Every structure is written in C-alpha cells, then in structure tokens.
file final_33.cif (mmCIF, C-alpha atoms)
data_work
loop_
_atom_site.group_PDB
_atom_site.id
_atom_site.type_symbol
_atom_site.label_atom_id
_atom_site.label_comp_id
_atom_site.auth_asym_id
_atom_site.auth_seq_id
_atom_site.Cartn_x
_atom_site.Cartn_y
_atom_site.Cartn_z
ATOM 1 C CA MET A 1 0.000 0.000 0.000
ATOM 2 C CA GLU A 2 1.364 3.409 -0.959
ATOM 3 C CA LYS A 3 2.150 5.943 1.739
ATOM 4 C CA SER A 4 -0.419 8.437 0.402
ATOM 5 C CA GLU A 5 -3.134 5.761 0.346
ATOM 6 C CA LEU A 6 -2.338 4.749 3.927
ATOM 7 C CA GLU A 7 -2.398 8.410 4.997
ATOM 8 C CA SER A 8 -5.825 8.776 3.361
ATOM 9 C CA LEU A 9 -7.080 5.748 5.302
ATOM 10 C CA ARG A 10 -5.612 7.092 8.555
ATOM 11 C CA TYR A 11 -6.950 10.641 8.092
ATOM 12 C CA PRO A 12 -10.001 10.439 5.835
ATOM 13 C CA ILE A 13 -11.137 13.957 6.789
ATOM 14 C CA GLY A 14 -7.618 15.367 7.186
ATOM 15 C CA HIS A 15 -5.898 16.516 10.358
ATOM 16 C CA PHE A 16 -7.483 18.881 12.852
ATOM 17 C CA ILE A 17 -6.430 22.444 12.139
ATOM 18 C CA LYS A 18 -7.242 25.042 14.763
ATOM 19 C CA PRO A 19 -8.915 28.014 13.081
ATOM 20 C CA ALA A 20 -7.190 31.378 13.507
ATOM 21 C CA ARG A 21 -10.440 32.732 14.937
ATOM 22 C CA ILE A 22 -13.065 30.648 16.703
ATOM 23 C CA THR A 23 -16.427 32.375 16.384
ATOM 24 C CA PRO A 24 -19.667 31.759 18.289
ATOM 25 C CA LEU A 25 -21.138 30.345 15.063
ATOM 26 C CA LEU A 26 -18.263 27.889 14.726
ATOM 27 C CA LEU A 27 -18.677 26.831 18.366
ATOM 28 C CA LYS A 28 -22.389 26.282 17.762
ATOM 29 C CA ASP A 29 -21.554 24.072 14.768
ATOM 30 C CA TRP A 30 -19.013 22.068 16.765
ATOM 31 C CA ILE A 31 -21.520 21.562 19.575
ATOM 32 C CA ALA A 32 -24.059 20.290 17.020
ATOM 33 C CA GLN A 33 -21.480 17.828 15.648
ATOM 34 C CA ILE A 34 -20.657 16.605 19.153
ATOM 35 C CA GLU A 35 -24.364 16.238 19.916
ATOM 36 C CA ALA A 36 -24.991 14.260 16.709
ATOM 37 C CA LEU A 37 -22.062 11.836 17.031
ATOM 38 C CA PRO A 38 -23.649 9.222 19.348
ATOM 39 C CA VAL A 39 -26.697 8.806 17.078
ATOM 40 C CA ASN A 40 -24.618 8.826 13.891
ATOM 41 C CA LEU A 41 -22.211 6.250 15.276
ATOM 42 C CA ARG A 42 -24.974 3.998 16.609
ATOM 43 C CA ASP A 43 -26.875 4.168 13.309
ATOM 44 C CA LEU A 44 -23.718 3.193 11.433
ATOM 45 C CA VAL A 45 -22.565 0.225 13.529
ATOM 46 C CA ILE A 46 -25.623 -1.181 15.277
ATOM 47 C CA SER A 47 -26.367 -3.752 12.569
ATOM 48 C CA PHE A 48 -22.746 -4.870 12.119
ATOM 49 C CA SER A 49 -22.022 -8.535 12.779
ATOM 50 C CA ASP A 50 -19.223 -9.599 15.113
ATOM 51 C CA THR A 51 -17.109 -10.345 12.035
ATOM 52 C CA GLN A 52 -17.657 -6.812 10.768
ATOM 53 C CA LEU A 53 -16.974 -5.321 14.214
ATOM 54 C CA ASP A 54 -13.726 -7.280 14.378
ATOM 55 C CA THR A 55 -12.511 -6.009 10.990
ATOM 56 C CA PRO A 56 -9.698 -3.428 11.067
ATOM 57 C CA TYR A 57 -10.639 -0.159 9.397
ATOM 58 C CA ARG A 58 -7.209 -0.138 7.681
ATOM 59 C CA PRO A 59 -4.148 -2.411 7.485
ATOM 60 C CA GLY A 60 -2.477 -2.298 10.895
ATOM 61 C CA GLY A 61 -5.360 -0.301 12.362
ATOM 62 C CA TRP A 62 -7.863 -0.944 15.081
ATOM 63 C CA THR A 63 -10.981 -2.991 14.520
ATOM 64 C CA VAL A 64 -14.348 -1.255 14.303
ATOM 65 C CA ARG A 65 -15.060 -2.553 17.822
ATOM 66 C CA GLN A 66 -11.842 -1.009 19.144
ATOM 67 C CA VAL A 67 -12.636 2.289 17.412
ATOM 68 C CA VAL A 68 -16.101 2.435 18.987
ATOM 69 C CA HIS A 69 -14.653 1.755 22.444
ATOM 70 C CA HIS A 70 -11.815 4.244 21.810
ATOM 71 C CA ILE A 71 -14.251 7.032 20.940
ATOM 72 C CA ALA A 72 -16.104 6.512 24.221
ATOM 73 C CA ASP A 73 -12.866 6.358 26.221
ATOM 74 C CA SER A 74 -11.373 9.411 24.538
ATOM 75 C CA HIS A 75 -14.509 11.527 24.795
ATOM 76 C CA HIS A 76 -14.868 10.548 28.445
ATOM 77 C CA HIS A 77 -11.382 11.947 29.010
ATOM 78 C CA SER A 78 -12.282 15.081 27.092
ATOM 79 C CA TYR A 79 -15.376 15.599 29.237
ATOM 80 C CA ILE A 80 -13.215 15.395 32.370
ATOM 81 C CA ARG A 81 -10.730 17.858 30.849
ATOM 82 C CA PHE A 82 -13.558 20.320 30.257
ATOM 83 C CA LYS A 83 -14.618 19.958 33.896
ATOM 84 C CA TRP A 84 -11.066 20.397 35.192
ATOM 85 C CA ALA A 85 -10.542 23.538 33.128
ATOM 86 C CA LEU A 86 -13.856 24.961 34.308
ATOM 87 C CA THR A 87 -13.073 24.372 37.981
ATOM 88 C CA GLU A 88 -9.284 24.753 38.226
ATOM 89 C CA ASP A 89 -6.781 27.358 37.061
ATOM 90 C CA ARG A 90 -5.046 25.979 33.950
ATOM 91 C CA PRO A 91 -4.794 22.402 35.247
ATOM 92 C CA VAL A 92 -2.244 19.979 33.902
ATOM 93 C CA ILE A 93 -4.382 17.135 32.630
ATOM 94 C CA LYS A 94 -3.538 13.465 32.886
ATOM 95 C CA PRO A 95 -2.950 11.835 29.526
ATOM 96 C CA TYR A 96 -3.788 8.208 28.891
ATOM 97 C CA PHE A 97 -2.194 5.562 26.702
ATOM 98 C CA GLU A 98 -4.909 5.100 24.087
ATOM 99 C CA LYS A 99 -3.037 2.368 22.199
ATOM 100 C CA GLU A 100 -2.740 0.319 25.382
ATOM 101 C CA TRP A 101 -6.389 0.978 26.281
ATOM 102 C CA ALA A 102 -7.375 -0.359 22.841
ATOM 103 C CA GLN A 103 -5.680 -3.654 23.744
ATOM 104 C CA LEU A 104 -7.685 -4.153 26.951
ATOM 105 C CA THR A 105 -10.364 -6.837 27.064
ATOM 106 C CA ASP A 106 -13.311 -4.432 26.929
ATOM 107 C CA ALA A 107 -11.965 -2.721 23.798
ATOM 108 C CA GLN A 108 -11.055 -5.936 21.989
ATOM 109 C CA PHE A 109 -14.040 -8.080 22.873
ATOM 110 C CA GLY A 110 -16.660 -6.053 24.735
ATOM 111 C CA PRO A 111 -20.158 -5.409 23.404
ATOM 112 C CA ILE A 112 -20.245 -2.079 21.589
ATOM 113 C CA ASP A 113 -23.481 -1.134 23.351
ATOM 114 C CA LEU A 114 -21.408 -0.490 26.475
ATOM 115 C CA SER A 115 -19.531 2.295 24.720
ATOM 116 C CA LEU A 116 -22.431 3.506 22.588
ATOM 117 C CA ASN A 117 -24.511 4.025 25.728
ATOM 118 C CA HIS A 118 -21.591 5.617 27.565
ATOM 119 C CA LEU A 119 -20.886 7.968 24.650
ATOM 120 C CA GLU A 120 -24.538 8.995 24.524
ATOM 121 C CA ALA A 121 -24.521 9.896 28.227
ATOM 122 C CA VAL A 122 -21.158 11.678 28.152
ATOM 123 C CA HIS A 123 -22.117 13.707 25.085
ATOM 124 C CA ALA A 124 -25.499 14.642 26.550
ATOM 125 C CA LYS A 125 -23.787 15.972 29.682
ATOM 126 C CA LEU A 126 -21.030 17.705 27.712
ATOM 127 C CA VAL A 127 -23.435 19.365 25.276
ATOM 128 C CA TYR A 128 -25.691 20.502 28.115
ATOM 129 C CA THR A 129 -22.664 21.987 29.874
ATOM 130 C CA MET A 130 -21.248 23.671 26.749
ATOM 131 C CA LYS A 131 -24.581 25.257 25.861
ATOM 132 C CA GLY A 132 -24.372 27.099 29.184
ATOM 133 C CA PHE A 133 -20.814 28.377 28.691
ATOM 134 C CA THR A 134 -20.059 32.057 28.966
ATOM 135 C CA GLU A 135 -17.519 33.673 26.672
ATOM 136 C CA ALA A 136 -15.036 33.496 29.561
ATOM 137 C CA ASP A 137 -15.681 29.753 30.011
ATOM 138 C CA TRP A 138 -14.671 29.075 26.404
ATOM 139 C CA LYS A 139 -11.338 30.827 27.018
ATOM 140 C CA LYS A 140 -10.431 28.666 30.019
ATOM 141 C CA GLU A 141 -7.476 26.392 29.391
ATOM 142 C CA PHE A 142 -5.718 23.228 30.408
ATOM 143 C CA ILE A 143 -2.157 22.103 29.814
ATOM 144 C CA HIS A 144 -1.289 18.821 28.132
ATOM 145 C CA PRO A 145 1.837 17.399 29.793
ATOM 146 C CA ASP A 146 3.038 15.432 26.755
ATOM 147 C CA ASN A 147 4.006 18.560 24.840
ATOM 148 C CA GLY A 148 3.180 21.435 27.199
ATOM 149 C CA ALA A 149 0.417 22.604 24.860
ATOM 150 C CA VAL A 150 -2.047 25.066 26.335
ATOM 151 C CA VAL A 151 -5.519 24.159 25.062
ATOM 152 C CA SER A 152 -8.556 26.406 25.420
ATOM 153 C CA LEU A 153 -11.983 24.873 25.850
ATOM 154 C CA GLU A 154 -13.062 26.393 22.542
ATOM 155 C CA GLU A 155 -10.175 24.629 20.792
ATOM 156 C CA ASN A 156 -10.965 21.410 22.644
ATOM 157 C CA ALA A 157 -14.562 21.566 21.405
ATOM 158 C CA GLY A 158 -13.285 21.764 17.833
ATOM 159 C CA ARG A 159 -10.741 19.043 18.387
ATOM 160 C CA TYR A 160 -13.388 16.639 19.724
ATOM 161 C CA ALA A 161 -15.935 17.491 17.043
ATOM 162 C CA TRP A 162 -13.165 16.627 14.571
ATOM 163 C CA HIS A 163 -12.136 13.519 16.544
ATOM 164 C CA GLY A 164 -15.629 12.021 16.460
ATOM 165 C CA ASN A 165 -16.025 12.756 12.745
ATOM 166 C CA HIS A 166 -12.518 11.403 12.071
ATOM 167 C CA HIS A 167 -13.334 7.999 13.562
ATOM 168 C CA LEU A 168 -16.848 7.947 12.120
ATOM 169 C CA ALA A 169 -15.237 8.445 8.698
ATOM 170 C CA HIS A 170 -12.880 5.503 9.361
ATOM 171 C CA ILE A 171 -15.854 3.213 9.851
ATOM 172 C CA GLN A 172 -17.908 4.723 7.007
ATOM 173 C CA ALA A 173 -15.015 4.319 4.560
ATOM 174 C CA LEU A 174 -14.509 0.683 5.604
ATOM 175 C CA ALA A 175 -18.224 -0.038 5.212
ATOM 176 C CA GLU A 176 -18.171 1.498 1.724
ATOM 177 C CA ARG A 177 -15.027 -0.428 0.677
ATOM 178 C CA MET A 178 -16.540 -3.691 1.960
ATOM 179 C CA ASN A 179 -20.040 -2.988 0.561
ATOM 180 C CA TRP A 180 -21.653 -3.433 3.983
#

call {"tool": "encode", "arguments": {"input": "final_33.cif", "output": "structure tokens"}}
result
Amino acid sequence: MEKSELESLRYPIGHFIKPARITPLLLKDWIAQIEALPVNLRDLVISFSDTQLDTPYRPGGWTVRQVVHHIADSHHHSYIRFKWALTEDRPVIKPYFEKEWAQLTDAQFGPIDLSLNHLEAVHAKLVYTMKGFTEADWKKEFIHPDNGAVVSLEENAGRYAWHGNHHLAHIQALAERMNW
C-alpha cells in the first residue's frame, strides 16, 4: 500500500487544524457535531455482525469494535478535561495511553453497546454543559503534559468534534469499501 493511500485511510477527513479565529457560530456548529455523534455512530454500527466489528478499518489499524470503544474512552477523558478547566486554574491534565487501552479486554471483545450508551450519556452531559458556557468559560485552558500545549476549551470543542467525525469516517469508509 502506498504511503499516500495509507495516509488517506488514517486521516479520511484530514488533520485537525485550529482556526485562527473561533467564532460563536463555529462553536455552535461544533456543539451540534458533538451532539450528533452518538446517534450517527450507533446508526452506522448497530447492525454490524461480530465479524464486521472485528474487521480493522485499515491495514495495521484498530478494529471497528476497538474504534467504537476508543471514541467513548477518549470523549470521556475530554469531558473530564472540560470539567477540570472549568473548575481549576489551567490544570495539567492526565494523559492516557490510548493504544494500550485499545488492547484491553473491553476494547477488543466487549459489546459495543457499552460504549455507545456511555458515549450517549457523556455527550449529553457535555453538550448541556457547553450550551451554558459564557464567553469566559470558552477561554479557560488546560495544559497537556506530553508537549506542554495550552488548550482552550473552545479549541478542545473543535478538536473533539473533529475527533468524532474522524473515527466515524474511518468506519464509514470501511463499510463502503466492503459494501456493507
């Protein structure tokens, strides 16, 4: 497989690029994307067989099952990061080893309903919280210890809207290639 083809499979919607200016309209759009993800994901994967769920979305990539569990795990962490930034002064967040989490029993073999239900609850709480943000809330920040990056909550909203769509596109592209 050519490098460009593999890159297209890894990043079907491209990389997240932080806009130079994050407007209230853009935030509203990102919130809508975050709100829609649990339903869109469930609609896409709910009828998949175990064989389909255990198919990697690309050579060397995670299975659909692992991707579904990863989205729930990652967005759970994001929700906590929002809460920390809202209640602490520029907290240093705790990263997690997503590749190792994807190898745990629940991610490799667990029923996807566990993560679909979890994602639905986490997103409902996150969206409810974000819809009540003030302009000052959006500017609150946390620090990622891996690279020292300072991340505002408005940027994090965009990053997680992108993240959900990124993984949804992985599964959609696989389903199209396999004629599912």

call {"tool": "closest_residue", "arguments": {"input": "final_33.cif", "among": "A:Val92, A:Ala175, A:Leu27, A:Ala107", "to": "Arg65 (chain A)", "atoms": "only C-alpha atoms"}}
result
A:Ala107

call {"tool": "closest_residue", "arguments": {"input": "final_33.cif", "among": "A:Tyr11, A:Tyr79, A:Phe142, A:Tyr160", "to": "Ile93 (chain A)", "atoms": "only C-alpha atoms"}}
result
A:Phe142

call {"tool": "closest_residue", "arguments": {"input": "final_33.cif", "among": "A:Ser4, A:Thr129, A:Thr63, A:Asn179", "to": "Phe109 (chain A)", "atoms": "only C-alpha atoms"}}
result
A:Thr63

call {"tool": "residues_around", "arguments": {"input": "final_33.cif", "residues": "Ser8 (chain A)", "least_positions_apart": "3", "cutoff": "12 Å", "atoms": "all atoms listed in the file", "output": "JSON, numbers by chain"}}
result
{"A": [1, 2, 3, 4, 5, 11, 12, 13, 14, 15, 57, 58, 166, 169, 170, 173]}

call {"tool": "write_last_selection", "arguments": {"input": "final_33.cif", "atoms": "C-alpha atoms", "output": "tab-separated table (two decimals), in the coordinates of the input"}}
result
chain	number	residue	atom	x	y	z
A	1	MET	CA	0.00	0.00	0.00
A	2	GLU	CA	1.36	3.41	-0.96
A	3	LYS	CA	2.15	5.94	1.74
A	4	SER	CA	-0.42	8.44	0.40
A	5	GLU	CA	-3.13	5.76	0.35
A	11	TYR	CA	-6.95	10.64	8.09
A	12	PRO	CA	-10.00	10.44	5.84
A	13	ILE	CA	-11.14	13.96	6.79
A	14	GLY	CA	-7.62	15.37	7.19
A	15	HIS	CA	-5.90	16.52	10.36
A	57	TYR	CA	-10.64	-0.16	9.40
A	58	ARG	CA	-7.21	-0.14	7.68
A	166	HIS	CA	-12.52	11.40	12.07
A	169	ALA	CA	-15.24	8.44	8.70
A	170	HIS	CA	-12.88	5.50	9.36
A	173	ALA	CA	-15.02	4.32	4.56

call {"tool": "atom_distance", "arguments": {"input": "final_33.cif", "atom1": "CA of Glu155 (chain A)", "atom2": "CA of Lys99 (chain A)"}}
result
23.4 Å

call {"tool": "closest_residue", "arguments": {"input": "final_33.cif", "among": "A:Leu37, A:Gln66, A:Thr87, A:Phe16", "to": "Asp54 (chain A)", "atoms": "all atoms listed in the file"}}
result
A:Gln66

call {"tool": "resolve_selection", "arguments": {"input": "final_33.cif", "expression": "the PyMOL selection byres ((chain A and resi 146) around 12)", "output": "ChimeraX atom specification"}}
result
/A:92-97,143-145,147-150

call {"tool": "closest_residue", "arguments": {"input": "final_33.cif", "among": "A:Glu98, A:Val67, A:Glu154, A:His123", "to": "Glu135 (chain A)", "atoms": "only C-alpha atoms"}}
result
A:Glu154

call {"tool": "residues_around", "arguments": {"input": "final_33.cif", "residues": "His69 (chain A)", "least_positions_apart": "6", "cutoff": "9 Å", "atoms": "all atoms listed in the file", "output": "list in words"}}
result
Ala102, Asp106, Ala107, Gln108, Gly110, Ile112, Leu114, Ser115 and Leu116 of chain A

call {"tool": "closest_residue", "arguments": {"input": "final_33.cif", "among": "A:His167, A:Arg90, A:Lys131, A:Arg81", "to": "Lys28 (chain A)", "atoms": "all atoms listed in the file"}}
result
A:Lys131

call {"tool": "atom_distance", "arguments": {"input": "final_33.cif", "atom1": "CA of Tyr128 (chain A)", "atom2": "CA of Phe82 (chain A)"}}
result
12.3 Å

call {"tool": "residues_near_point", "arguments": {"input": "final_33.cif", "point": "(-24.0, 16.6, 22.1)", "cutoff": "9 Å", "atoms": "only C-alpha atoms", "output": "PDB file with C-alpha atoms, keeping the file's coordinate frame"}}
result
ATOM      1  CA  ILE A  31     -21.520  21.562  19.575  1.00  0.00           C
ATOM      2  CA  ALA A  32     -24.059  20.290  17.020  1.00  0.00           C
ATOM      3  CA  GLN A  33     -21.480  17.828  15.648  1.00  0.00           C
ATOM      4  CA  ILE A  34     -20.657  16.605  19.153  1.00  0.00           C
ATOM      5  CA  GLU A  35     -24.364  16.238  19.916  1.00  0.00           C
ATOM      6  CA  ALA A  36     -24.991  14.260  16.709  1.00  0.00           C
ATOM      7  CA  LEU A  37     -22.062  11.836  17.031  1.00  0.00           C
ATOM      8  CA  PRO A  38     -23.649   9.222  19.348  1.00  0.00           C
ATOM      9  CA  GLU A 120     -24.538   8.995  24.524  1.00  0.00           C
ATOM     10  CA  VAL A 122     -21.158  11.678  28.152  1.00  0.00           C
ATOM     11  CA  HIS A 123     -22.117  13.707  25.085  1.00  0.00           C
ATOM     12  CA  ALA A 124     -25.499  14.642  26.550  1.00  0.00           C
ATOM     13  CA  LYS A 125     -23.787  15.972  29.682  1.00  0.00           C
ATOM     14  CA  LEU A 126     -21.030  17.705  27.712  1.00  0.00           C
ATOM     15  CA  VAL A 127     -23.435  19.365  25.276  1.00  0.00           C
ATOM     16  CA  TYR A 128     -25.691  20.502  28.115  1.00  0.00           C
ATOM     17  CA  MET A 130     -21.248  23.671  26.749  1.00  0.00           C
TER      18      MET A 130
END

call {"tool": "resolve_selection", "arguments": {"input": "final_33.cif", "expression": "the PyMOL selection byres ((chain A and resi 52) around 10)", "output": "list in words"}}
result
Val45, Ser47, Phe48, Ser49, Asp50, Thr51, Leu53, Asp54, Thr55, Pro56, Tyr57, Thr63, Val64, Arg65, Leu174, Ala175, Met178 and Trp180 of chain A

call {"tool": "resolve_selection", "arguments": {"input": "final_33.cif", "expression": "the PyMOL selection byres ((chain A and resi 72) around 8)", "output": "compact mmCIF listing (two decimals) with C-alpha atoms, keeping the file's coordinate frame"}}
result
# COMPACT_ATOMS: atom_id res chain seq x y z
CA VAL A 68 -16.10 2.44 18.99
CA HIS A 69 -14.65 1.76 22.44
CA HIS A 70 -11.82 4.24 21.81
CA ILE A 71 -14.25 7.03 20.94
CA ASP A 73 -12.87 6.36 26.22
CA SER A 74 -11.37 9.41 24.54
CA HIS A 75 -14.51 11.53 24.80
CA HIS A 76 -14.87 10.55 28.44
CA SER A 115 -19.53 2.30 24.72
CA LEU A 116 -22.43 3.51 22.59
CA HIS A 118 -21.59 5.62 27.56
CA LEU A 119 -20.89 7.97 24.65

call {"tool": "atom_distance", "arguments": {"input": "final_33.cif", "atom1": "CA of Asn156 (chain A)", "atom2": "CA of Leu44 (chain A)"}}
result
24.9 Å

call {"tool": "axis_aligned_box", "arguments": {"input": "final_33.cif", "around": "region 124-132 of chain A", "padding_each_side": "8 Å", "output": "lines of an AutoDock Vina configuration file"}}
result
center_x = -23.4
center_y = 20.9
center_z = 27.6
size_x = 20.7
size_y = 28.5
size_z = 20.6

call {"tool": "decode", "arguments": {"input": "final_33.cif", "residues": "region 57-73 of chain A", "atoms": "C-alpha atoms", "output": "mmCIF file, in the first residue's frame"}}
result
data_model
loop_
_atom_site.group_PDB
_atom_site.id
_atom_site.type_symbol
_atom_site.label_atom_id
_atom_site.label_comp_id
_atom_site.auth_asym_id
_atom_site.auth_seq_id
_atom_site.Cartn_x
_atom_site.Cartn_y
_atom_site.Cartn_z
ATOM 1 C CA TYR A 57 -10.639 -0.159 9.397
ATOM 2 C CA ARG A 58 -7.209 -0.138 7.681
ATOM 3 C CA PRO A 59 -4.148 -2.411 7.485
ATOM 4 C CA GLY A 60 -2.477 -2.298 10.895
ATOM 5 C CA GLY A 61 -5.360 -0.301 12.362
ATOM 6 C CA TRP A 62 -7.863 -0.944 15.081
ATOM 7 C CA THR A 63 -10.981 -2.991 14.520
ATOM 8 C CA VAL A 64 -14.348 -1.255 14.303
ATOM 9 C CA ARG A 65 -15.060 -2.553 17.822
ATOM 10 C CA GLN A 66 -11.842 -1.009 19.144
ATOM 11 C CA VAL A 67 -12.636 2.289 17.412
ATOM 12 C CA VAL A 68 -16.101 2.435 18.987
ATOM 13 C CA HIS A 69 -14.653 1.755 22.444
ATOM 14 C CA HIS A 70 -11.815 4.244 21.810
ATOM 15 C CA ILE A 71 -14.251 7.032 20.940
ATOM 16 C CA ALA A 72 -16.104 6.512 24.221
ATOM 17 C CA ASP A 73 -12.866 6.358 26.221
#
